[in-house]
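**Student:** Following this line is coords.txt, made up of compact mmCIF, C-alpha atoms and all ligand atoms:
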```
# COMPACT_ATOMS: atom_id res chain seq x y z
CA MET Q 16 17.13 -112.10 13.79
CA LYS Q 17 16.31 -113.38 17.24
CA ILE Q 18 17.39 -110.85 19.83
CA LEU Q 19 17.66 -111.23 23.61
CA ILE Q 20 17.74 -108.17 25.89
CA VAL Q 21 18.99 -108.59 29.47
CA GLY Q 22 17.49 -106.36 32.17
CA SER Q 23 14.14 -105.28 33.59
CA GLY Q 24 14.02 -101.49 33.87
CA GLY Q 25 12.92 -98.44 31.92
CA ARG Q 26 16.20 -98.45 30.04
CA GLU Q 27 15.62 -102.01 28.81
CA HIS Q 28 12.05 -101.07 27.84
CA ALA Q 29 13.43 -98.21 25.74
CA ILE Q 30 16.01 -100.55 24.17
CA ALA Q 31 13.33 -103.18 23.45
CA TRP Q 32 11.06 -100.56 21.89
CA LYS Q 33 13.89 -99.29 19.68
CA VAL Q 34 15.02 -102.80 18.69
CA ALA Q 35 11.41 -103.60 17.77
CA GLN Q 36 11.52 -100.78 15.17
CA SER Q 37 14.28 -102.63 13.30
CA PRO Q 38 13.18 -104.68 10.27
CA LYS Q 39 15.94 -107.12 11.27
CA ALA Q 40 14.23 -108.02 14.55
CA GLU Q 41 11.97 -111.04 13.97
CA LYS Q 42 11.65 -112.16 17.57
CA ILE Q 43 12.65 -110.39 20.78
CA TYR Q 44 13.12 -111.97 24.20
CA CYS Q 45 13.83 -110.16 27.43
CA ALA Q 46 15.27 -111.63 30.64
CA PRO Q 47 13.66 -111.00 33.03
CA GLY Q 48 11.75 -108.02 31.51
CA ASN Q 49 8.63 -106.37 32.93
CA ALA Q 50 4.97 -105.83 32.08
CA GLY Q 51 5.73 -102.99 29.62
CA ILE Q 52 8.52 -104.82 27.84
CA ALA Q 53 6.11 -107.75 27.36
CA GLU Q 54 4.43 -105.70 24.63
CA TYR Q 55 7.48 -106.09 22.37
CA ALA Q 56 9.26 -109.10 23.78
CA GLU Q 57 8.63 -112.51 25.25
CA CYS Q 58 9.76 -112.15 28.84
CA VAL Q 59 11.63 -115.10 30.30
CA ASN Q 60 12.08 -115.64 34.00
CA ILE Q 61 15.88 -115.63 34.17
CA GLY Q 62 17.73 -113.13 36.35
CA ALA Q 63 20.37 -110.83 34.86
CA MET Q 64 23.07 -112.39 37.07
CA GLU Q 65 22.25 -116.01 36.13
CA PHE Q 66 24.91 -116.22 33.44
CA ASP Q 67 24.73 -120.00 32.94
CA ARG Q 68 20.97 -119.94 32.46
CA LEU Q 69 21.18 -116.94 30.12
CA VAL Q 70 23.80 -118.64 27.97
CA ALA Q 71 21.83 -121.90 27.93
CA PHE Q 72 18.68 -120.04 26.90
CA ALA Q 73 20.50 -118.16 24.11
CA ARG Q 74 21.87 -121.46 22.80
CA GLU Q 75 18.55 -123.26 23.00
CA LYS Q 76 16.63 -120.48 21.20
CA GLU Q 77 19.48 -119.85 18.73
CA ILE Q 78 19.65 -116.18 19.65
CA ASP Q 79 21.55 -114.14 17.05
CA LEU Q 80 22.28 -111.14 19.23
CA THR Q 81 22.13 -110.49 22.98
CA VAL Q 82 22.10 -106.93 24.31
CA ILE Q 83 23.06 -106.36 27.96
CA GLY Q 84 21.33 -103.34 29.46
CA MET Q 85 22.48 -103.41 33.08
CA ASP Q 86 25.77 -102.64 34.81
CA ASP Q 87 25.92 -105.52 37.33
CA PRO Q 88 26.10 -108.37 34.79
CA LEU Q 89 28.56 -106.41 32.63
CA VAL Q 90 30.89 -105.77 35.56
CA GLY Q 91 30.44 -109.44 36.55
CA GLY Q 92 31.58 -110.70 33.14
CA VAL Q 93 28.38 -111.73 31.36
CA VAL Q 94 29.83 -110.75 27.98
CA ASP Q 95 32.83 -113.02 28.54
CA ALA Q 96 30.43 -115.89 29.36
CA PHE Q 97 28.48 -115.36 26.11
CA GLU Q 98 31.65 -115.03 24.04
CA ALA Q 99 33.11 -118.19 25.56
CA ALA Q 100 29.99 -120.00 24.33
CA GLY Q 101 30.47 -118.56 20.82
CA LEU Q 102 27.42 -116.26 21.12
CA ARG Q 103 27.15 -112.75 19.68
CA VAL Q 104 26.69 -110.18 22.41
CA PHE Q 105 26.65 -106.37 22.71
CA GLY Q 106 28.47 -104.87 25.69
CA PRO Q 107 31.95 -104.54 27.16
CA ARG Q 108 33.91 -107.51 28.49
CA LYS Q 109 34.64 -107.66 32.20
CA ASN Q 110 38.11 -106.15 31.76
CA ALA Q 111 36.55 -103.10 30.04
CA ALA Q 112 33.38 -102.78 32.16
CA VAL Q 113 35.75 -102.00 35.05
CA LEU Q 114 35.59 -98.45 33.66
CA GLU Q 115 32.28 -98.28 35.55
CA GLY Q 116 32.93 -101.04 38.09
CA SER Q 117 35.83 -99.33 39.83
CA LYS Q 118 36.01 -95.59 40.40
CA ALA Q 119 39.66 -95.99 41.45
CA PHE Q 120 40.41 -97.65 38.09
CA SER Q 121 38.66 -94.94 36.09
CA LYS Q 122 40.33 -92.12 38.04
CA ASP Q 123 43.78 -93.69 37.57
CA LEU Q 124 43.08 -94.13 33.86
CA MET Q 125 42.11 -90.48 33.48
CA LYS Q 126 45.19 -89.34 35.38
CA LYS Q 127 47.52 -91.53 33.32
CA TYR Q 128 46.07 -90.35 30.00
CA HIS Q 129 45.51 -86.70 30.95
CA ILE Q 130 41.72 -86.82 30.60
CA PRO Q 131 40.22 -83.86 32.51
CA THR Q 132 38.62 -84.88 35.83
CA ALA Q 133 38.54 -83.74 39.46
CA ALA Q 134 41.73 -84.13 41.53
CA TYR Q 135 41.52 -87.20 43.83
CA GLU Q 136 43.17 -89.65 46.19
CA THR Q 137 42.33 -93.34 46.69
CA PHE Q 138 42.26 -95.03 50.11
CA ASP Q 139 42.05 -98.65 51.29
CA ASP Q 140 42.52 -97.71 54.93
CA PRO Q 141 39.90 -95.55 56.70
CA GLN Q 142 42.57 -94.19 59.08
CA LYS Q 143 44.63 -92.84 56.18
CA ALA Q 144 41.50 -91.32 54.66
CA LEU Q 145 40.70 -89.53 57.93
CA GLU Q 146 44.23 -88.13 58.18
CA TYR Q 147 44.04 -86.84 54.62
CA LEU Q 148 40.68 -85.17 55.26
CA GLN Q 149 42.11 -83.14 58.19
CA THR Q 150 43.83 -80.78 55.79
CA ALA Q 151 41.56 -81.15 52.74
CA GLN Q 152 39.45 -78.31 51.41
CA MET Q 153 35.65 -78.55 51.97
CA PRO Q 154 33.23 -79.35 50.42
CA ILE Q 155 34.72 -82.67 49.38
CA VAL Q 156 33.30 -85.75 47.63
CA LEU Q 157 33.60 -89.33 48.90
CA LYS Q 158 32.92 -92.21 46.51
CA ALA Q 159 32.70 -95.90 47.26
CA ASP Q 160 34.92 -97.64 44.71
CA GLY Q 161 32.47 -100.24 43.38
CA LEU Q 162 28.89 -100.37 42.08
CA ALA Q 163 26.33 -98.93 44.51
CA LEU Q 164 23.19 -98.28 42.41
CA GLY Q 165 24.32 -94.69 41.85
CA LYS Q 166 24.11 -94.03 45.59
CA GLY Q 167 27.70 -94.51 46.75
CA VAL Q 168 28.62 -90.82 46.43
CA LEU Q 169 28.63 -88.48 49.44
CA ILE Q 170 29.12 -84.73 49.14
CA CYS Q 171 30.44 -83.43 52.47
CA ASN Q 172 30.36 -79.76 53.40
CA THR Q 173 32.31 -79.97 56.66
CA LEU Q 174 35.11 -82.04 58.13
CA GLU Q 175 32.58 -83.53 60.53
CA GLU Q 176 30.40 -84.73 57.64
CA ALA Q 177 33.44 -86.11 55.86
CA ARG Q 178 34.46 -88.09 58.96
CA GLU Q 179 30.94 -89.51 59.19
CA GLY Q 180 31.13 -90.31 55.47
CA VAL Q 181 34.31 -92.36 55.87
CA LYS Q 182 32.58 -94.30 58.63
CA THR Q 183 29.49 -94.87 56.48
CA ILE Q 184 31.38 -96.05 53.42
CA MET Q 185 34.46 -97.85 54.79
CA GLU Q 186 33.55 -98.99 58.30
CA GLU Q 187 29.79 -99.56 58.35
CA LYS Q 188 30.00 -100.61 54.68
CA LYS Q 189 26.63 -99.06 53.91
CA PHE Q 190 27.26 -99.65 50.20
CA GLY Q 191 28.54 -103.18 50.80
CA SER Q 192 31.90 -104.34 49.52
CA ALA Q 193 31.83 -101.37 47.12
CA GLY Q 194 33.17 -99.41 50.09
CA SER Q 195 36.32 -101.43 50.83
CA ARG Q 196 38.14 -98.85 48.80
CA MET Q 197 37.20 -95.18 48.56
CA VAL Q 198 38.01 -92.28 46.25
CA VAL Q 199 38.17 -88.80 47.81
CA GLU Q 200 37.60 -86.20 45.17
CA GLU Q 201 37.72 -82.44 44.72
CA PHE Q 202 34.25 -80.86 44.67
CA MET Q 203 33.38 -79.36 41.29
CA THR Q 204 30.65 -76.90 40.41
CA GLY Q 205 28.90 -76.35 37.09
CA ARG Q 206 26.21 -77.80 34.85
CA GLU Q 207 26.00 -81.56 34.56
CA VAL Q 208 25.59 -83.18 31.16
CA SER Q 209 25.42 -86.84 30.14
CA VAL Q 210 26.70 -87.98 26.78
CA LEU Q 211 26.12 -91.61 25.81
CA SER Q 212 28.18 -93.07 23.00
CA TYR Q 213 28.58 -96.21 20.92
CA VAL Q 214 32.09 -97.65 20.86
CA ASP Q 215 33.59 -100.50 18.80
CA GLY Q 216 36.99 -100.78 20.46
CA LYS Q 217 38.57 -97.98 18.48
CA THR Q 218 35.89 -95.72 16.97
CA ILE Q 219 33.44 -93.72 19.08
CA ARG Q 220 30.12 -92.24 17.96
CA PRO Q 221 28.66 -89.93 20.61
CA MET Q 222 24.87 -89.64 20.79
CA THR Q 223 22.89 -86.49 21.47
CA SER Q 224 23.31 -85.03 24.98
CA ALA Q 225 20.97 -85.39 27.97
CA GLN Q 226 20.63 -84.25 31.56
CA ASP Q 227 19.47 -86.30 34.54
CA HIS Q 228 17.86 -85.22 37.86
CA LYS Q 229 19.38 -87.51 40.47
CA ARG Q 230 17.87 -86.16 43.69
CA ALA Q 231 14.50 -87.44 44.88
CA GLY Q 232 12.88 -84.08 45.63
CA ASP Q 233 11.95 -80.87 43.84
CA GLY Q 234 14.71 -78.27 43.77
CA ASP Q 235 17.38 -81.02 43.90
CA THR Q 236 16.66 -81.86 47.52
CA GLY Q 237 16.54 -85.24 49.25
CA LEU Q 238 18.46 -88.42 48.60
CA ASN Q 239 20.22 -89.48 45.44
CA THR Q 240 18.19 -91.87 43.28
CA GLY Q 241 18.80 -93.77 40.05
CA GLY Q 242 17.31 -90.72 38.28
CA MET Q 243 13.93 -88.97 38.53
CA GLY Q 244 13.75 -87.52 35.03
CA THR Q 245 15.78 -86.43 32.04
CA PHE Q 246 15.74 -84.12 29.07
CA SER Q 247 17.55 -84.16 25.75
CA PRO Q 248 19.34 -82.29 24.27
CA SER Q 249 21.10 -80.21 26.94
CA PRO Q 250 21.09 -76.54 25.93
CA PHE Q 251 24.41 -76.19 27.79
CA TYR Q 252 26.17 -78.71 25.58
CA THR Q 253 27.20 -76.21 22.94
CA GLU Q 254 29.22 -76.92 19.79
CA GLU Q 255 32.29 -75.56 21.53
CA VAL Q 256 31.84 -77.91 24.50
CA GLU Q 257 31.21 -80.81 22.12
CA GLU Q 258 34.39 -80.10 20.20
CA PHE Q 259 36.40 -80.01 23.43
CA CYS Q 260 34.88 -83.31 24.62
CA ASN Q 261 35.52 -85.06 21.32
CA LYS Q 262 39.15 -84.01 21.35
CA TYR Q 263 40.11 -84.28 25.03
CA ILE Q 264 37.65 -86.74 26.59
CA PHE Q 265 35.77 -89.10 24.25
CA GLN Q 266 38.38 -90.41 21.81
CA PRO Q 267 41.17 -90.24 24.44
CA THR Q 268 39.10 -92.54 26.72
CA VAL Q 269 38.61 -95.10 23.96
CA ASP Q 270 42.31 -94.92 23.02
CA ALA Q 271 43.33 -95.23 26.67
CA MET Q 272 41.26 -98.40 27.14
CA ALA Q 273 42.74 -99.90 23.96
CA ALA Q 274 46.28 -98.98 25.07
CA GLU Q 275 45.64 -100.72 28.41
CA GLY Q 276 44.71 -103.94 26.59
CA ARG Q 277 41.05 -103.45 27.54
CA PRO Q 278 39.39 -102.50 24.24
CA PHE Q 279 35.92 -101.18 25.01
CA LYS Q 280 32.97 -102.34 22.89
CA GLY Q 281 29.51 -101.19 23.86
CA ILE Q 282 28.16 -98.02 25.40
CA ILE Q 283 30.32 -95.50 27.24
CA PHE Q 284 28.23 -93.05 29.23
CA PHE Q 285 30.20 -89.91 30.05
CA GLY Q 286 28.92 -88.04 33.11
CA LEU Q 287 30.37 -84.57 32.62
CA MET Q 288 30.59 -81.41 34.69
CA LEU Q 289 30.92 -78.21 32.69
CA THR Q 290 33.21 -76.31 35.07
CA GLU Q 291 34.64 -72.82 34.70
CA LYS Q 292 37.87 -74.46 33.63
CA GLY Q 293 36.16 -76.55 30.95
CA PRO Q 294 34.35 -79.91 30.83
CA LYS Q 295 35.57 -82.59 33.25
CA VAL Q 296 34.55 -86.22 33.72
CA LEU Q 297 32.40 -86.92 36.81
CA GLU Q 298 32.02 -90.60 36.09
CA TYR Q 299 31.94 -93.24 33.41
CA ASN Q 300 29.21 -95.85 33.01
CA ALA Q 301 29.53 -98.88 30.78
CA ARG Q 302 25.89 -98.98 29.60
CA PHE Q 303 22.97 -96.74 28.63
CA GLY Q 304 21.74 -94.38 31.35
CA ASP Q 305 18.40 -94.93 33.00
CA PRO Q 306 16.41 -92.67 32.37
CA GLU Q 307 18.80 -91.12 29.80
CA ALA Q 308 18.00 -93.90 27.29
CA GLN Q 309 14.33 -92.95 27.60
CA VAL Q 310 14.99 -89.50 26.05
CA VAL Q 311 17.90 -90.28 23.74
CA LEU Q 312 16.54 -93.37 21.95
CA PRO Q 313 13.19 -91.80 20.92
CA ARG Q 314 15.26 -89.14 19.08
CA MET Q 315 17.63 -91.57 17.34
CA LYS Q 316 16.98 -92.12 13.62
CA ASN Q 317 19.32 -95.07 12.93
CA ASP Q 318 18.36 -98.72 13.07
CA ILE Q 319 19.84 -99.60 16.47
CA VAL Q 320 20.48 -103.23 15.49
CA ASP Q 321 22.83 -102.00 12.72
CA VAL Q 322 24.70 -99.89 15.27
CA PHE Q 323 24.95 -102.73 17.81
CA GLU Q 324 26.34 -105.01 15.09
CA ALA Q 325 28.84 -102.39 13.91
CA CYS Q 326 30.14 -102.10 17.48
CA ILE Q 327 30.61 -105.87 17.72
CA ASP Q 328 32.22 -106.11 14.27
CA GLY Q 329 34.50 -103.08 14.66
CA THR Q 330 32.89 -101.24 11.73
CA LEU Q 331 31.40 -98.27 13.55
CA ASP Q 332 33.50 -95.93 11.38
CA GLN Q 333 31.06 -96.78 8.57
CA ILE Q 334 28.02 -95.58 10.55
CA GLU Q 335 26.83 -92.01 10.74
CA LEU Q 336 24.57 -91.50 13.74
CA GLN Q 337 21.54 -89.32 13.19
CA PHE Q 338 19.14 -87.72 15.65
CA GLU Q 339 15.89 -85.87 15.09
CA ASP Q 340 16.07 -82.10 15.40
CA ASN Q 341 13.57 -82.12 18.27
CA ALA Q 342 13.58 -82.59 22.03
CA CYS Q 343 12.42 -85.17 24.55
CA VAL Q 344 11.61 -84.98 28.26
CA CYS Q 345 11.06 -87.95 30.60
CA VAL Q 346 9.33 -87.65 33.98
CA VAL Q 347 9.72 -90.67 36.25
CA LEU Q 348 6.65 -91.78 38.21
CA ALA Q 349 7.93 -93.42 41.37
CA SER Q 350 6.38 -95.06 44.43
CA ASP Q 351 6.20 -92.62 47.34
CA GLY Q 352 9.09 -93.39 49.68
CA TYR Q 353 11.60 -94.23 46.94
CA PRO Q 354 14.61 -94.56 47.25
CA VAL Q 355 14.26 -95.77 50.86
CA SER Q 356 11.14 -97.89 51.33
CA TYR Q 357 7.87 -98.08 49.44
CA LYS Q 358 4.90 -100.31 48.79
CA LYS Q 359 4.31 -102.32 45.63
CA GLY Q 360 1.44 -104.13 43.96
CA PHE Q 361 -0.93 -101.22 43.16
CA PRO Q 362 -2.84 -101.39 39.85
CA ILE Q 363 -1.65 -98.86 37.24
CA LYS Q 364 -4.49 -97.09 35.47
CA GLY Q 365 -4.54 -95.17 32.18
CA LEU Q 366 -1.63 -96.91 30.45
CA GLU Q 367 -3.64 -97.30 27.24
CA THR Q 368 -4.07 -93.49 27.04
CA VAL Q 369 -0.35 -92.93 26.54
CA LYS Q 370 -0.19 -95.42 23.68
CA GLU Q 371 -2.95 -93.62 21.83
CA HIS Q 372 -0.87 -90.49 21.36
CA ASP Q 373 1.99 -90.15 18.91
CA GLY Q 374 5.23 -88.84 20.38
CA TYR Q 375 4.43 -90.09 23.91
CA TYR Q 376 6.10 -93.13 25.42
CA CYS Q 377 5.42 -94.94 28.65
CA PHE Q 378 8.56 -96.88 29.55
CA HIS Q 379 8.02 -99.29 32.43
CA ALA Q 380 10.71 -99.32 35.11
CA GLY Q 381 9.04 -101.47 37.77
CA SER Q 382 5.82 -103.20 36.79
CA THR Q 383 4.45 -106.72 36.69
CA PHE Q 384 1.26 -108.66 36.01
CA LYS Q 385 -1.00 -109.65 38.90
CA ASP Q 386 -4.45 -111.18 38.42
CA GLY Q 387 -4.54 -109.99 34.81
CA GLN Q 388 -3.68 -106.42 35.76
CA ILE Q 389 -0.48 -104.39 35.46
CA VAL Q 390 0.67 -103.38 38.95
CA THR Q 391 3.53 -101.37 40.45
CA ASN Q 392 6.60 -103.45 41.24
CA GLY Q 393 9.46 -101.11 42.11
CA GLY Q 394 10.65 -97.75 43.40
CA ARG Q 395 10.73 -96.25 39.95
CA VAL Q 396 7.54 -97.45 38.26
CA LEU Q 397 7.21 -95.67 34.91
CA GLY Q 398 9.07 -93.13 32.79
CA LEU Q 399 6.76 -90.93 30.76
CA SER Q 400 8.69 -89.54 27.81
CA ALA Q 401 7.30 -87.00 25.38
CA LEU Q 402 8.68 -85.44 22.23
CA GLY Q 403 8.28 -81.80 21.27
CA SER Q 404 9.68 -79.48 18.65
CA ASP Q 405 11.77 -77.95 21.42
CA LEU Q 406 12.49 -78.56 25.11
CA VAL Q 407 9.74 -76.28 26.38
CA GLU Q 408 7.11 -78.09 24.30
CA ALA Q 409 8.49 -81.53 25.18
CA ARG Q 410 8.37 -80.70 28.88
CA ALA Q 411 4.79 -79.46 28.68
CA ASN Q 412 3.84 -82.66 26.84
CA ALA Q 413 5.59 -84.91 29.37
CA TYR Q 414 3.76 -83.27 32.28
CA LYS Q 415 0.48 -83.60 30.37
CA ALA Q 416 1.10 -87.34 30.11
CA VAL Q 417 1.85 -87.54 33.85
CA GLY Q 418 -1.82 -86.76 34.43
CA TRP Q 419 -3.01 -89.62 32.21
CA VAL Q 420 -1.52 -92.39 34.31
CA ASP Q 421 -2.31 -93.09 37.93
CA PHE Q 422 -1.58 -95.50 40.75
CA GLU Q 423 -1.73 -95.38 44.50
CA ASN Q 424 1.31 -93.67 46.08
CA LYS Q 425 2.31 -92.07 42.76
CA TYR Q 426 5.20 -89.65 43.32
CA TYR Q 427 7.15 -87.51 40.85
CA ARG Q 428 9.22 -84.37 40.66
CA HIS Q 429 7.48 -81.25 39.37
CA ASP Q 430 10.60 -79.50 38.13
CA ILE Q 431 12.15 -81.86 35.57
CA GLY Q 432 13.75 -79.66 32.94
CA LYS Q 433 13.73 -76.52 35.07
CA ALA Q 434 17.26 -75.79 33.79
CA ILE Q 435 15.74 -75.24 30.34
CA ASP Q 436 14.46 -71.86 31.55
CA GLU Q 437 17.94 -70.88 32.69
CA ALA Q 438 19.59 -71.59 29.34
P1 LIG V 501 28.52 -90.17 40.23
O1 LIG V 501 27.81 -91.44 40.62
O2 LIG V 501 30.02 -90.24 40.33
O3 LIG V 501 28.02 -89.57 38.96
O4 LIG V 501 28.04 -89.10 41.32
C1 LIG V 501 26.66 -88.86 41.56
C2 LIG V 501 26.43 -87.37 41.59
O5 LIG V 501 27.22 -86.75 42.62
C3 LIG V 501 26.84 -86.65 40.32
O6 LIG V 501 25.85 -86.69 39.35
C4 LIG V 501 27.09 -85.26 40.83
O7 LIG V 501 25.88 -84.54 40.98
C5 LIG V 501 27.66 -85.50 42.19
N1 LIG V 501 29.13 -85.50 42.12
C6 LIG V 501 29.94 -86.56 41.89
N2 LIG V 501 31.24 -86.18 41.90
C7 LIG V 501 31.26 -84.87 42.12
C8 LIG V 501 32.30 -83.88 42.22
N3 LIG V 501 33.60 -84.22 42.12
N4 LIG V 501 31.95 -82.61 42.44
C9 LIG V 501 30.66 -82.27 42.57
N5 LIG V 501 29.63 -83.13 42.49
C10 LIG V 501 29.91 -84.42 42.25
N1 LIG V 502 20.69 -92.00 35.34
C1 LIG V 502 22.02 -92.26 35.73
C2 LIG V 502 22.50 -93.60 35.44
O1 LIG V 502 21.91 -94.35 34.69
O2 LIG V 502 23.55 -93.95 35.94
```
Would it be possible to restate this file's structure as structure tokens?
Ligand code: AMP
Ligand code: GLY

**Tutor:**
Amino acid sequence: MKILIVGSGGREHAIAWKVAQSPKAEKIYCAPGNAGIAEYAECVNIGAMEFDRLVAFAREKEIDLTVIGMDDPLVGGVVDAFEAAGLRVFGPRKNAAVLEGSKAFSKDLMKKYHIPTAAYETFDDPQKALEYLQTAQMPIVLKADGLALGKGVLICNTLEEAREGVKTIMEEKKFGSAGSRMVVEEFMTGREVSVLSYVDGKTIRPMTSAQDHKRAGDGDTGLNTGGMGTFSPSPFYTEEVEEFCNKYIFQPTVDAMAAEGRPFKGIIFFGLMLTEKGPKVLEYNARFGDPEAQVVLPRMKNDIVDVFEACIDGTLDQIELQFEDNACVCVVLASDGYPVSYKKGFPIKGLETVKEHDGYYCFHAGSTFKDGQIVTNGGRVLGLSALGSDLVEARANAYKAVGWVDFENKYYRHDIGKAIDEA
């Protein structure tokens, strides 16, 4: 098969690596890709939002399967564009990707179908939001309705902060048009767990669990980022929690989308908070997590092309997902200054070292070729993932690999997987 992957980050590198393991994959393309992905795929210079060019390319090359990695094109309707051209594509249609694209939509869905989540109110008018906040309990959470690169969430400890937050999101529009509407949500406490799942419209197959580290600095300080590191599995995702999620969250979400006339095919990423009152949904995403994919896919035993096809064909009930009984930790190497401002274009040294070791993976998040060299080209540059027989070993291995790769302004968190010691 000829397979096209759309995206350019660490997640798409992990997907490309996994697709390359499939005997079905004869030729892989990636649009636009990066210097790491180029090892498995021919990278083509088409942006993820250039739907017409993507469709034309898929037609011209007779692509058998296109896999969309990123949220923006999914929410924008790239799957609908491929389907309209009679092309096979993995991912939710626009009317289903709204599960990620609008927090107001997803909150209303959960309320209507009794899926556990934090209590909330939605506002289109900043004045109404301010009035509501006068009597609300602090801390409180403000969320811009639309996509905001994982940064449109503000946790406010005081009324003053909340007032500022409304200004930031709805008046100054710091997160762009994503902030025309805002969800105000009850603050929850507990452990966070991510569960990614394959969905074919009616059947859901959850993958092994993972945990992200969203803040930029050690000890969960600093600004929110796309994710600074992950580990899998989460020791807090016990069998009891899993059973609860299967029964009250996972299948009910898939059924709810089908009942709304928005059957979901693709990946549903459940961001969960394990509260004292049981697991609750923090957010849904309509694609693999980044860097969750970088710890979940190295542990997956199945041929991923088979699973993608089963999702498209509605035959996921015939697939049994299998994961290795091991653990994986990913430490993100970023450019100092991320997520605000940072320099690019520094040569990356030591990449070949990672390849030489079994059970270590160097997934490129932001890299490119310059004068025959691989150089940094983003805030998040690389994700170094390592396997181990358990989480403690995997973490030690991942931090060992961090020392093998170097570039100017290299920055990373030193405490990825700290929660493992608290389990
Ligand atoms: P989201 O993009 O909705 O996942 O939010 C980003 C991060 O903000 C989450 O991973 C949580 O750490 C935090 N967060 C979001 N909603 C809440 C909430 N209701 N209570 C506490 N923390 C939250
Ligand atoms: N790592 C969080 C996300 O992909 O949304």

**Student:** Name the residues in contact with segment 428-435 of chain Q at a cut-off of 9 Å, using only C-alpha atoms, excluding same-chain residues fewer than 2 positions from it; report them as an MDAnalysis selection string.

**Tutor:** chainID Q and resid 226:228 231:234 243:246 249:250 344:348 406:407 410 414 426 437:438

**Student:** Enumerate residues in contact with ligand LIG 502 (chain V): an atom-to-atom distance of at most 9 Å, counting all atoms listed in the file. Format the result as a PyMOL selection string.

**Tutor:** chain Q and resi 26+164-165+209+226-229+240-245+284+286+299-300+302-308

**Student:** (22.1, -113.0, 23.0) in this file's frame - what residues fall within 7 Å of it? Use only C-alpha atoms and give the answer as a VMD selection string.

**Tutor:** chain Q and resid 18 to 19 73 78 to 82 102 to 104

**Student:** Using only C-alpha atoms and all ligand atoms, which of Q:Thr218, Q:Asn172, Q:Ser404, Q:Thr204 sits nearest ligand LIG 501 (chain V)?

**Tutor:**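 Residue with the minimum atom-to-atom distance to ligand LIG 501 (chain V): Q:Thr204.
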
**Student:** Identify which of the residues Q:Ile283, Q:Ile184, Q:Cys343, Q:Ala413 lies closest to Asp139 of chain Q, counting all atoms listed in the file when measuring atom-to-atom distances.

**Tutor:**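 Going through Q:Ile283, Q:Ile184, Q:Cys343, Q:Ala413 one by one, the smallest distance to Asp139 of chain Q is for Q:Ile184.
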
**Student:** Using only C-alpha atoms and all ligand atoms, what does the table of chain Q residues within 6 Å of ligand LIG 501 (chain V) look like, with each row giving the shortest atom pair and its distance in Å to one decimal, sorted by chain and ascending number, as a tab-separated table?

**Tutor:**
```
residue	atom	partner	partner_atom	distance
Q:Ala133	CA	V:LIG501	N3	5.6
Q:Val156	CA	V:LIG501	N3	5.7
Q:Gly165	CA	V:LIG501	O1	4.9
Q:Val168	CA	V:LIG501	O4	5.4
Q:Glu200	CA	V:LIG501	N3	5.4
Q:Glu201	CA	V:LIG501	N3	5.2
Q:Phe202	CA	V:LIG501	N4	3.7
Q:Met203	CA	V:LIG501	N4	3.7
Q:Thr204	CA	V:LIG501	C9	5.8
Q:Leu297	CA	V:LIG501	N2	5.3
Q:Glu298	CA	V:LIG501	O2	4.7
```

**Student:** In Å, with one decimal, what is the gap from atom CA of Gly237 of chain Q to atom CA of Ala401 of chain Q?

**Tutor:**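 For atom CA of Gly237 of chain Q relative to atom CA of Ala401 of chain Q, the distance reads 25.7 Å.
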
**Student:** Could you please determine the separation between atom CA of Arg178 of chain Q and atom CA of Ser195 of chain Q in Å, to one decimal place?

**Tutor:**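 We find that atom CA of Arg178 of chain Q and atom CA of Ser195 of chain Q lie 15.7 Å from each other.
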
**Student:** Please measure the separation of atom CA of Tyr128 of chain Q and atom CA of Thr268 of chain Q, giving the value in Å to one decimal.

**Tutor:**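 Computing the Euclidean distance for atom CA of Tyr128 of chain Q and atom CA of Thr268 of chain Q yields 8.0 Å.
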
**Student:** Please provide as a count of residues only all residues within 12 Å of segment 119-125 of chain Q, with the sequence filter that same-chain residues fewer than 4 positions apart are discarded (counting all atoms listed in the file).

**Tutor:** 52

**Student:** Select, from Q:Val34, Q:Ala96, Q:Ala342, Q:Val355, the residue with the minimum atom-to-atom distance to Glu65 of chain Q, counting all atoms listed in the file.

**Tutor:**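 Going through Q:Val34, Q:Ala96, Q:Ala342, Q:Val355 one by one, the smallest distance to Glu65 of chain Q is for Q:Ala96.
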
**Student:** Closest to Thr383 of chain Q among Q:Met85, Q:Ala99, Q:Ala411, Q:Cys58, using only C-alpha atoms?

**Tutor:**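 With only C-alpha atoms as the atom set, the closest residue is Q:Cys58.
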
**Student:** Which is closest to Asp332 of chain Q among Q:Ile219, Q:Lys126, Q:Ala31, Q:Ile61, if we use only C-alpha atoms?

**Tutor:**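 Comparing Q:Ile219, Q:Lys126, Q:Ala31, Q:Ile61 against Asp332 of chain Q, the winner is Q:Ile219.
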
**Student:** Counting only C-alpha atoms, figure out which residue out of Q:Ala151, Q:Phe190, Q:Gln142, Q:Gly381 gets nearest to Leu169 of chain Q.

**Tutor:** Q:Phe190

**Student:** Give as number ranges by chain every residue, naming chains and numbers as the document does, that has an atom within 12 Å of (23.1, -100.5, 13.8), counting all atoms listed in the file.

**Tutor:** Q: 33-34, 36-40, 80, 105, 213-215, 220, 281, 315-337

**Student:** Could you name the residues that touch Glu175 of chain Q at 10 Å or less, counting all atoms listed in the file, but leaving out those on the same chain fewer than 5 positions away, as a list in words?

**Tutor:**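 Counting only the stated atoms, we get Leu148, Gln149 and Gly180 of chain Q.
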
**Student:** Give me the residues within 12 Å of Phe384 of chain Q as a list in words, counting all atoms listed in the file and dropping any in the same chain fewer than 3 places off.

**Tutor:**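 Contacts, in chain order: Gly48, Asn49, Ala50, Gly51, Ile52, Ala53, Cys58, Lys359, Gly360, Phe361, Pro362, Ile363, Gly381, Gly387, Gln388, Ile389, Val390, Thr391 and Asn392 of chain Q.
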